[in-house]
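Raw contents of model-v5.cif, mmCIF, C-alpha atoms:
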data_structure
loop_
_atom_site.label_atom_id
_atom_site.label_comp_id
_atom_site.auth_asym_id
_atom_site.auth_seq_id
_atom_site.Cartn_x
_atom_site.Cartn_y
_atom_site.Cartn_z
CA MET A 296 0.00 0.00 0.00
CA LYS A 297 2.89 2.35 0.76
CA MET A 298 4.22 1.78 -2.76
CA LEU A 299 0.84 2.65 -4.29
CA SER A 300 0.56 5.76 -2.10
CA ILE A 301 3.93 6.97 -3.37
CA ALA A 302 2.88 6.34 -6.95
CA TYR A 303 -0.45 8.12 -6.48
CA LYS A 304 1.26 11.17 -4.99
CA ASP A 305 3.75 11.39 -7.87
CA ILE A 306 1.00 11.12 -10.45
CA LEU A 307 -0.86 14.03 -8.86
CA ILE A 308 2.34 16.09 -8.91
CA ILE A 309 2.90 15.32 -12.60
CA LEU A 310 -0.67 16.23 -13.50
CA ARG A 311 -0.21 19.65 -11.89
CA ASP A 312 3.01 20.32 -13.84
CA ARG A 313 2.01 21.99 -17.12
CA GLY A 314 5.53 21.78 -18.53
CA THR A 315 5.64 18.03 -18.03
CA LEU A 316 2.19 17.56 -19.53
CA LEU A 317 3.28 19.64 -22.52
CA GLN A 318 6.30 17.38 -23.07
CA ILE A 319 4.35 14.18 -22.59
CA PHE A 320 1.20 14.83 -24.60
CA VAL A 321 1.49 17.96 -26.76
CA LEU A 322 5.03 17.86 -28.18
CA PRO A 323 4.66 14.33 -29.61
CA PHE A 324 1.57 15.46 -31.52
CA VAL A 325 3.44 18.48 -32.91
CA PHE A 326 6.35 16.32 -34.10
CA ILE A 327 4.04 13.72 -35.63
CA LEU A 328 1.99 16.40 -37.37
CA VAL A 329 5.07 18.10 -38.82
CA PHE A 330 6.82 14.94 -40.00
CA SER A 331 3.66 13.28 -41.32
CA GLY A 332 2.71 16.49 -43.09
CA MET A 333 6.18 16.75 -44.62
CA GLY A 334 5.90 13.21 -45.90
CA SER A 335 2.51 13.85 -47.44
CA MET A 336 3.69 17.16 -48.86
CA GLY A 337 6.64 15.43 -50.47
CA GLU A 338 4.33 12.96 -52.14
CA ASP A 339 1.95 15.68 -53.32
CA GLU A 340 4.74 17.88 -54.68
CA GLN A 341 6.45 15.07 -56.57
CA GLU A 342 5.14 16.23 -59.95
CA ALA A 343 5.74 14.48 -63.24
CA LEU A 344 8.14 16.00 -65.74
CA PRO A 345 6.25 18.24 -68.22
CA LEU A 346 6.40 17.44 -71.93
CA THR A 347 4.68 19.72 -74.42
CA VAL A 348 3.06 17.75 -77.25
CA VAL A 349 1.88 18.96 -80.65
CA ASN A 350 -0.55 16.35 -81.93
CA LEU A 351 -0.89 16.82 -85.69
CA ASP A 352 -2.65 13.48 -86.12
CA GLN A 353 -5.74 13.72 -83.91
CA GLY A 354 -6.42 10.03 -84.50
CA SER A 355 -7.31 7.42 -81.89
CA GLU A 356 -3.86 5.83 -81.98
CA ALA A 357 -2.16 9.18 -81.26
CA ALA A 358 -4.51 9.80 -78.34
CA ALA A 359 -3.83 6.29 -77.03
CA PHE A 360 -0.09 6.90 -77.34
CA ILE A 361 -0.28 10.12 -75.32
CA GLU A 362 -2.38 8.35 -72.70
CA GLY A 363 0.21 5.56 -72.58
CA ILE A 364 2.97 8.08 -71.79
CA ASN A 365 0.91 9.64 -69.00
CA THR A 366 -0.01 6.24 -67.59
CA ALA A 367 3.61 5.10 -67.58
CA GLY A 368 4.31 7.72 -64.91
CA GLY A 369 7.06 10.30 -64.59
CA VAL A 370 5.96 12.41 -67.58
CA ASN A 371 2.87 14.57 -68.02
CA CYS A 372 1.97 15.45 -71.62
CA GLU A 373 0.60 18.96 -72.18
CA ILE A 374 -1.16 19.39 -75.52
CA MET A 375 -0.49 22.62 -77.41
CA ASP A 376 -0.95 23.84 -80.97
CA GLN A 377 2.03 24.10 -83.29
CA SER A 378 2.50 27.88 -83.45
CA ALA A 379 2.16 28.47 -79.71
CA ALA A 380 4.51 25.59 -78.91
CA ASP A 381 7.18 26.82 -81.34
CA ALA A 382 6.99 30.33 -79.90
CA GLN A 383 7.26 29.16 -76.29
CA LEU A 384 10.14 26.81 -77.13
CA GLU A 385 12.05 29.62 -78.83
CA ALA A 386 11.41 31.93 -75.86
CA GLY A 387 12.55 29.29 -73.40
CA ASP A 388 9.18 29.06 -71.67
CA ILE A 389 9.15 25.32 -72.38
CA GLN A 390 12.21 23.11 -72.55
CA ARG A 391 11.03 20.21 -74.72
CA LEU A 392 8.52 19.70 -77.49
CA MET A 393 7.36 16.41 -79.00
CA VAL A 394 5.65 16.47 -82.39
CA ILE A 395 3.32 13.64 -83.42
CA PRO A 396 3.09 13.62 -87.24
CA SER A 397 -0.25 13.78 -89.05
CA SER A 398 0.29 10.30 -90.50
CA PHE A 399 0.85 8.66 -87.10
CA SER A 400 -2.38 6.63 -86.92
CA ALA A 401 -2.44 5.74 -90.60
CA ASP A 402 1.19 4.60 -90.69
CA LEU A 403 0.77 2.64 -87.48
CA ASN A 404 -2.30 0.82 -88.77
CA ALA A 405 -0.42 0.09 -92.00
CA ASN A 406 2.44 -1.37 -89.96
CA LYS A 407 4.79 1.34 -91.22
CA GLN A 408 7.60 2.89 -89.24
CA VAL A 409 6.67 6.12 -87.50
CA ALA A 410 9.17 8.83 -86.58
CA LEU A 411 8.55 11.04 -83.55
CA ARG A 412 10.51 14.23 -82.92
CA ILE A 413 11.47 15.63 -79.52
CA ILE A 414 12.86 19.13 -79.93
CA THR A 415 14.80 20.52 -76.96
CA HIS A 416 15.81 24.03 -75.98
CA PRO A 417 19.60 24.59 -75.83
CA ASP A 418 19.36 25.28 -72.08
CA ALA A 419 17.40 22.11 -71.31
CA ASP A 420 18.84 19.70 -68.77
CA ASP A 421 20.29 16.71 -70.66
CA ASN A 422 19.58 14.25 -67.84
CA ILE A 423 15.90 15.21 -67.69
CA THR A 424 15.67 15.07 -71.48
CA GLU A 425 17.11 11.56 -71.50
CA THR A 426 14.69 10.48 -68.78
CA ILE A 427 11.74 11.78 -70.79
CA ARG A 428 13.07 10.14 -73.97
CA LEU A 429 13.34 6.77 -72.25
CA ILE A 430 9.76 6.98 -70.95
CA VAL A 431 8.43 8.02 -74.36
CA ASP A 432 10.46 5.28 -76.03
CA GLY A 433 9.06 2.70 -73.59
CA ALA A 434 5.49 3.75 -74.33
CA ALA A 435 6.24 3.67 -78.07
CA GLN A 436 7.71 0.16 -77.86
CA ASP A 437 4.66 -1.09 -75.96
CA MET A 438 2.28 0.39 -78.50
CA ALA A 439 4.32 -0.92 -81.43
CA LEU A 440 4.34 -4.42 -79.96
CA GLU A 441 0.59 -4.39 -79.43
CA THR A 442 0.03 -3.10 -82.97
CA GLN A 443 2.21 -5.84 -84.44
CA ILE A 444 0.44 -8.53 -82.41
CA VAL A 445 -2.98 -7.28 -83.51
CA ALA A 446 -1.78 -7.15 -87.15
CA SER A 447 -0.52 -10.73 -86.91
CA LEU A 448 -3.78 -11.95 -85.41
CA THR A 449 -5.75 -10.14 -88.09
CA PHE A 450 -3.65 -11.74 -90.80
CA MET A 451 -4.16 -15.18 -89.25
CA GLY A 452 -7.89 -14.49 -89.11
CA GLU A 453 -7.93 -13.65 -92.80
CA MET A 454 -6.14 -16.88 -93.58
CA GLN A 455 -8.59 -18.78 -91.39
CA ALA A 456 -11.57 -17.19 -93.16
CA ALA A 457 -10.96 -19.45 -96.15
CA MET A 458 -11.63 -22.50 -94.00
CA PRO A 459 -15.15 -23.97 -93.57
CA ALA A 460 -17.12 -22.33 -90.76
CA ASP A 461 -17.31 -25.53 -88.71
CA GLN A 462 -13.51 -25.77 -88.70
CA GLN A 463 -12.92 -22.23 -87.42
CA PRO A 464 -12.44 -22.45 -83.60
CA PHE A 465 -12.56 -18.69 -83.07
CA THR A 466 -13.64 -15.71 -85.08
CA THR A 467 -11.19 -12.91 -85.82
CA GLU A 468 -13.29 -10.47 -83.80
CA ARG A 469 -13.22 -12.72 -80.75
CA VAL A 470 -9.46 -13.19 -80.96
CA LEU A 471 -8.87 -9.46 -81.25
CA GLN A 472 -11.15 -8.73 -78.30
CA GLN A 473 -9.25 -11.25 -76.20
CA ALA A 474 -5.92 -9.74 -77.21
CA GLU A 475 -7.07 -6.21 -76.36
CA SER A 476 -8.37 -7.46 -73.01
CA GLN A 477 -4.99 -9.00 -72.24
CA PHE A 478 -3.23 -5.78 -73.20
CA ALA A 479 -5.39 -3.85 -70.71
CA ILE A 480 -4.70 -6.38 -67.95
CA SER A 481 -0.97 -6.30 -68.62
CA HIS A 482 -0.96 -2.53 -68.15
CA GLU A 483 -2.78 -2.74 -64.83
CA ARG A 484 -1.02 -5.82 -63.45
CA PRO A 485 2.28 -6.33 -65.26
CA LEU A 486 3.79 -9.81 -64.96
CA ILE A 487 7.26 -8.37 -64.42
CA THR A 488 8.14 -5.49 -62.13
CA VAL A 489 11.57 -4.04 -61.48
CA GLU A 490 12.81 -2.95 -58.05
CA GLN A 491 15.99 -0.96 -57.64
CA LEU A 492 18.00 -2.04 -54.60
CA GLN A 493 21.49 -1.49 -53.29
CA PRO A 494 23.98 -4.18 -52.24
CA GLY A 495 23.04 -5.71 -48.90
CA GLU A 496 19.33 -4.95 -49.27
CA LEU A 497 18.29 -8.17 -51.02
CA ASP A 498 17.09 -9.77 -47.79
CA LYS A 499 14.99 -6.69 -47.01
CA ILE A 500 12.86 -6.65 -50.17
CA GLU A 501 9.68 -7.34 -48.26
CA GLU A 502 10.30 -4.29 -46.10
CA PHE A 503 10.41 -1.86 -49.01
CA GLN A 504 6.70 -1.28 -49.25
CA PRO A 505 5.00 2.07 -49.51
CA VAL A 506 3.76 3.15 -46.08
CA THR A 507 2.13 6.35 -44.94
CA GLY A 508 4.00 9.02 -43.02
CA THR A 509 1.61 8.59 -40.11
CA GLN A 510 2.22 4.83 -39.93
CA VAL A 511 5.93 5.49 -39.45
CA ALA A 512 5.90 8.77 -37.53
CA VAL A 513 3.38 7.86 -34.81
CA PRO A 514 5.22 4.83 -33.36
CA SER A 515 8.66 6.41 -33.91
CA PHE A 516 7.89 9.59 -31.98
CA THR A 517 5.94 7.62 -29.40
CA VAL A 518 9.13 5.71 -28.62
CA LEU A 519 11.15 8.93 -28.53
CA PHE A 520 8.88 10.76 -26.08
CA VAL A 521 8.21 7.71 -23.91
CA PHE A 522 11.91 7.44 -23.17
CA LEU A 523 12.21 11.22 -22.81
CA SER A 524 9.68 11.00 -19.99
CA ALA A 525 12.20 8.84 -18.10
CA GLY A 526 13.69 12.18 -17.09
CA VAL A 527 10.44 12.93 -15.28
CA THR A 528 10.96 9.91 -13.03
CA ALA A 529 14.58 10.87 -12.38
CA LEU A 530 13.63 14.46 -11.58
CA SER A 531 10.87 13.31 -9.23
CA ILE A 532 13.35 11.20 -7.25
CA TYR A 533 15.85 14.07 -7.19
CA ASN A 534 13.25 16.51 -5.88
CA GLU A 535 12.27 14.03 -3.15
CA LYS A 536 15.91 13.95 -2.06
CA LYS A 537 16.31 17.70 -2.35
CA VAL A 538 13.46 18.56 0.02
CA GLY A 539 14.27 15.70 2.37
CA SER A 540 11.05 13.74 1.90
CA PHE A 541 13.00 10.80 0.49
CA ARG A 542 14.64 10.24 3.88
CA ARG A 543 11.20 10.14 5.49
CA LEU A 544 10.11 7.56 2.92
CA MET A 545 13.19 5.53 3.80
CA ALA A 546 11.97 5.41 7.40
CA ALA A 547 8.71 3.80 6.33
CA PRO A 548 8.36 0.03 6.79
CA MET A 549 9.10 -0.90 3.19
CA SER A 550 12.07 -2.25 1.28
CA LYS A 551 14.32 -0.08 -0.86
CA ALA A 552 13.24 -1.97 -3.96
CA SER A 553 9.59 -1.32 -3.14
CA LEU A 554 10.38 2.36 -2.72
CA LEU A 555 11.95 2.58 -6.17
CA LEU A 556 9.09 0.56 -7.65
CA GLY A 557 6.73 3.11 -6.17
CA LYS A 558 8.65 5.80 -8.02
CA MET A 559 8.54 3.72 -11.24
CA LEU A 560 4.81 3.07 -11.25
CA PRO A 561 3.87 6.69 -12.16
CA GLN A 562 6.24 6.44 -15.12
CA MET A 563 4.43 3.32 -16.31
CA VAL A 564 1.00 4.88 -15.86
CA ILE A 565 2.08 8.04 -17.67
CA THR A 566 3.68 5.99 -20.47
CA ILE A 567 0.54 3.94 -21.07
CA SER A 568 -1.61 7.08 -21.02
CA GLN A 569 0.84 8.79 -23.34
CA VAL A 570 0.67 5.97 -25.89
CA ILE A 571 -3.14 5.85 -25.72
CA VAL A 572 -3.36 9.59 -26.42
CA ILE A 573 -0.74 9.59 -29.22
CA PHE A 574 -2.12 6.51 -30.95
CA GLY A 575 -5.65 7.86 -30.56
CA ILE A 576 -4.57 11.07 -32.28
CA GLY A 577 -2.97 9.03 -35.06
CA MET A 578 -6.05 6.87 -35.57
CA PHE A 579 -8.87 9.40 -35.23
CA LEU A 580 -7.58 12.98 -35.43
CA MET A 581 -5.06 12.74 -38.28
CA PRO A 582 -7.70 11.70 -40.86
CA LEU A 583 -9.84 14.68 -39.84
CA ILE A 584 -7.07 17.10 -40.84
CA GLY A 585 -6.43 15.45 -44.19
CA LEU A 586 -3.57 13.13 -43.25
CA ASP A 587 -3.45 9.35 -43.32
CA GLY A 588 -4.67 7.62 -40.19
CA LEU A 589 -2.76 5.11 -38.11
CA VAL A 590 -3.76 1.47 -38.67
CA LEU A 591 -3.07 -1.05 -35.90
CA GLY A 592 -3.06 -3.97 -38.31
CA ASP A 593 -3.91 -7.59 -37.60
CA HIS A 594 -2.26 -7.86 -34.18
CA PRO A 595 -3.43 -5.01 -31.91
CA LEU A 596 -2.76 -7.09 -28.77
CA LEU A 597 0.92 -7.19 -29.72
CA VAL A 598 0.89 -3.38 -29.76
CA ILE A 599 -0.28 -3.47 -26.13
CA LEU A 600 2.50 -5.93 -25.26
CA ILE A 601 5.13 -3.70 -26.86
CA VAL A 602 3.83 -0.71 -24.91
CA LEU A 603 4.01 -2.58 -21.59
CA VAL A 604 7.57 -3.79 -22.17
CA MET A 605 8.62 -0.32 -23.35
CA ALA A 606 7.03 1.25 -20.25
CA LEU A 607 9.04 -1.08 -18.00
CA CYS A 608 12.22 -0.26 -19.89
CA ALA A 609 11.64 3.51 -19.76
CA SER A 610 10.87 3.32 -16.02
CA GLY A 611 14.08 1.43 -15.42
CA MET A 612 15.95 4.08 -17.37
CA GLY A 613 14.45 6.76 -15.14
CA VAL A 614 15.81 4.98 -12.05
CA LEU A 615 19.22 4.66 -13.73
CA ILE A 616 19.33 8.38 -14.56
CA ALA A 617 18.39 9.21 -10.97
CA ALA A 618 21.18 6.94 -9.71
CA VAL A 619 23.87 8.34 -12.03
CA ALA A 620 23.02 12.05 -12.02
CA ARG A 621 24.12 14.14 -9.07
CA THR A 622 22.44 17.45 -9.85
CA GLU A 623 19.27 18.71 -11.48
CA ASN A 624 21.34 20.04 -14.39
CA GLN A 625 22.79 16.60 -15.00
CA ILE A 626 19.31 15.11 -15.12
CA GLY A 627 18.19 17.79 -17.56
CA GLY A 628 21.31 17.28 -19.65
CA MET A 629 20.79 13.55 -19.91
CA SER A 630 17.17 14.02 -20.83
CA ALA A 631 17.82 16.78 -23.36
CA VAL A 632 20.97 15.44 -25.00
CA VAL A 633 21.56 11.76 -24.32
CA LEU A 634 17.96 10.65 -24.79
CA TRP A 635 17.51 12.74 -27.95
CA VAL A 636 20.69 11.28 -29.42
CA MET A 637 19.57 7.78 -28.47
CA GLY A 638 16.22 8.46 -30.10
CA ALA A 639 17.88 9.62 -33.32
CA LEU A 640 20.15 6.56 -33.41
CA GLY A 641 17.18 4.34 -32.63
CA GLY A 642 15.18 5.46 -35.68
CA ALA A 643 12.87 8.17 -34.32
CA PHE A 644 13.40 10.49 -37.27
CA PHE A 645 13.45 8.02 -40.17
CA PRO A 646 12.09 4.52 -40.92
CA ILE A 647 13.87 1.76 -39.06
CA TYR A 648 14.72 -0.15 -42.25
CA LEU A 649 16.90 2.75 -43.43
CA LEU A 650 19.36 2.12 -40.60
CA GLU A 651 22.20 0.52 -42.48
CA GLY A 652 25.92 0.02 -42.05
CA PHE A 653 27.73 1.47 -39.06
CA LEU A 654 24.80 3.65 -38.01
CA GLY A 655 22.57 0.59 -37.85
CA GLN A 656 25.01 -1.27 -35.64
CA VAL A 657 25.26 1.70 -33.27
CA GLY A 658 21.47 1.99 -33.16
CA LYS A 659 21.18 -1.56 -31.85
CA ALA A 660 22.95 -0.43 -28.69
CA VAL A 661 19.96 1.67 -27.58
CA PRO A 662 16.50 0.44 -26.50
CA HIS A 663 14.77 2.90 -28.82
CA TYR A 664 15.90 0.83 -31.82
CA TRP A 665 14.31 -2.37 -30.54
CA ALA A 666 11.07 -0.67 -29.53
CA SER A 667 10.81 1.03 -32.93
CA LYS A 668 11.67 -2.21 -34.69
CA ALA A 669 8.94 -4.08 -32.80
CA PHE A 670 6.36 -1.41 -33.68
CA TYR A 671 7.50 -1.44 -37.31
CA GLY A 672 7.23 -5.20 -37.46
CA VAL A 673 3.64 -5.23 -36.21
CA LEU A 674 2.23 -2.02 -37.71
CA VAL A 675 3.96 -2.06 -41.10
CA ARG A 676 5.08 -5.61 -41.85
CA GLY A 677 2.18 -7.35 -40.09
CA GLN A 678 4.42 -9.69 -38.09
CA ASP A 679 3.11 -11.89 -35.31
CA ILE A 680 4.75 -12.63 -31.96
CA SER A 681 7.40 -14.86 -33.54
CA GLY A 682 8.57 -11.98 -35.70
CA ILE A 683 9.09 -9.52 -32.85
CA SER A 684 10.02 -11.89 -30.02
CA THR A 685 13.71 -11.01 -30.28
CA ASP A 686 12.92 -7.30 -30.21
CA LEU A 687 10.80 -7.68 -27.07
CA LEU A 688 13.41 -9.83 -25.32
CA VAL A 689 16.18 -7.32 -26.04
CA LEU A 690 13.96 -4.44 -24.91
CA ALA A 691 13.08 -6.28 -21.70
CA GLY A 692 16.78 -7.02 -21.23
CA PHE A 693 17.58 -3.32 -21.43
CA GLY A 694 14.90 -2.60 -18.83
CA LEU A 695 16.27 -5.26 -16.48
CA LEU A 696 19.80 -3.95 -16.95
CA PHE A 697 18.72 -0.39 -16.22
CA TRP A 698 16.90 -1.54 -13.09
CA ILE A 699 19.80 -3.62 -11.74
CA VAL A 700 22.43 -0.95 -12.36
CA GLY A 701 20.12 1.76 -11.06
CA VAL A 702 19.44 -0.04 -7.79
CA TRP A 703 23.11 -0.92 -7.45
CA ARG A 704 24.35 2.64 -7.98
CA PHE A 705 21.47 4.36 -6.17
CA GLU A 706 22.50 6.25 -3.05
CA PHE A 707 19.54 5.84 -0.73
CA ASP A 708 21.17 7.79 2.12
CA ARG A 709 21.84 10.98 0.16
#
In structure tokens, what does this structure look like?
Amino acid sequence: MKMLSIAYKDILIILRDRGTLLQIFVLPFVFILVFSGMGSMGEDEQEALPLTVVNLDQGSEAAAFIEGINTAGGVNCEIMDQSAADAQLEAGDIQRLMVIPSSFSADLNANKQVALRIITHPDADDNITETIRLIVDGAAQDMALETQIVASLTFMGEMQAAMPADQQPFTTERVLQQAESQFAISHERPLITVEQLQPGELDKIEEFQPVTGTQVAVPSFTVLFVFLSAGVTALSIYNEKKVGSFRRLMAAPMSKASLLLGKMLPQMVITISQVIVIFGIGMFLMPLIGLDGLVLGDHPLLVILIVLVMALCASGMGVLIAAVARTENQIGGMSAVVLWVMGALGGAFFPIYLLEGFLGQVGKAVPHYWASKAFYGVLVRGQDISGISTDLLVLAGFGLLFWIVGVWRFEFDR
């Protein structure tokens, strides 16, 4: 009961401290909002490269070709008439101009070679021009292949027309419809996709999946600010010693371990409340302001387990800081510098899978890394308990280590 009384008193003190409440509940939301918004802004502002097009053909094949370029991604065709396009190109208002000849559709249907012209301004960036040329060339090759296949099928149909009707398995119209259907499917769901990776990333292919900024930012900054609140526990213990009330607590009929546990319990309660508020903001408030919402995935109970283990670890860290620090400035310094650095190394400011090389190895030396990795595994990769068991064990190990060293180094008589 003494332990619970100590915890209850500390919780009341924390709730009356506006600065602490600001750090625990408000600052995480600000960071999440900024970083999630930056991620969404980056996606919105990633515009396709502009390509001015003069379409002298106006046929269906030319329109389909332009649509194919736009669908391929990376280039946005802007239709313009010949005189205006030439004037803007000469003035430097546009950098590139593609001209589709008037015979485009007719030559394509006749299986003749078609020549497209891309005219560039002298000041145009060569790398961008080459990128646009490759995209246009890819769309042209796709269209040419489809045209040749259709022409071949049509020719086979004409040959088959001379056969008796009962010996014709399919009509030419049916074959062409099937071919066009397959072309449409191949555009939507290509059989072959290409992923660009760097050496050493082959075993991480499944991790490179598009995720929302909220899905990454919410758990990352939750981990950061949960461990930052360890300084609250350390400062509470220091203040107890400073005013002399800690000595009176020592005189109470309770063990030293129970006393420290009583100081840890508020940290755990605050941590759990902190996560509930932050995750609630991510799930319900973020969509209301136009950002992606947090999704707990298929294993929400594992999220609760991660939070509990992380709360124990952060509480143990608070005891360790209180045991090592000798002054209030030292506690503030550890909270403001050491814990921020640990958070950065542990993946608070960028996705955990981007931690590679030396930086990744250093990050594994801090509990933030393992907490972030566990959250990432459940919320992004959809892992079950077997996938994050190592992360939880390491995180619990950090908490136990912090607790043991903290109790060992703690000066109860000071």
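Of note, CA of Ala606 in chain A and CA of Pro662 in chain A are spaced 11.4 Å apart.
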| message | Show me the residues around (12.2, 13.1, -19.5) - criterion: an atom at most 12 Å away, all atoms listed in the file counted - as an MDAnalysis selection string. | response | chainID A and resid 309 314:319 519:531 562 565:566 609:610 612:614 616:617 626:635
| Residue with smallest distance to Leu344 in chain A - pool A:Val689, A:Val673, A:Ala367, A:Ala639, counting only C-alpha atoms |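 Closest to Leu344 in chain A of all the choices is A:Ala367.
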| field | Output check: residues returned by the PyMOL selection byres ((chain A and resi 697-700) around 9), as an NGL selection string | value | :A and (608-616 or 618 or 692-696 or 701-705)
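With all atoms listed in the file as the basis for measurement, A:Phe399 is the residue among A:Phe399, A:Arg313, A:Asp686, A:Thr517 that approaches Ala358 in chain A most closely.
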| said: From (-3.5, 13.9, -40.0), in the file's coordinates, out to 12 Å: which residues are reached, counting only C-alpha atoms? Answer as an NGL selection string. | reply: :A and (324-336 or 507-510 or 512-513 or 573-589)
| message | For a test of reading the model, state the distance in Å between CA of Gly677 in chain A and CA of Leu591 in chain A, rounded to one decimal. | response |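 Separating CA of Gly677 in chain A from CA of Leu591 in chain A is a distance of 9.2 Å.
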| By how many Å are CA of Leu346 in chain A and CA of Phe360 in chain A apart? | 13.5 Å
| said: I'd like to know which of A:Ala419, A:Met438, A:Ile414, A:Val636 is closest to Gly387 in chain A, using all atoms listed in the file. | reply: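 Between A:Ala419, A:Met438, A:Ile414, A:Val636, the residue approaching Gly387 in chain A most closely is A:Ala419.
Comparing the minimum interatomic distances between Val604 in chain A and each of A:Ala669, A:Gly557, A:Ser568, A:Ser397, counting all atoms listed in the file, we find that A:Ala669 sits nearest.
Counting all atoms listed in the file, the residue from A:Ile427, A:Ile395, A:Met563, A:Ile413 that sits nearest to Asn371 in chain A is A:Ile427.
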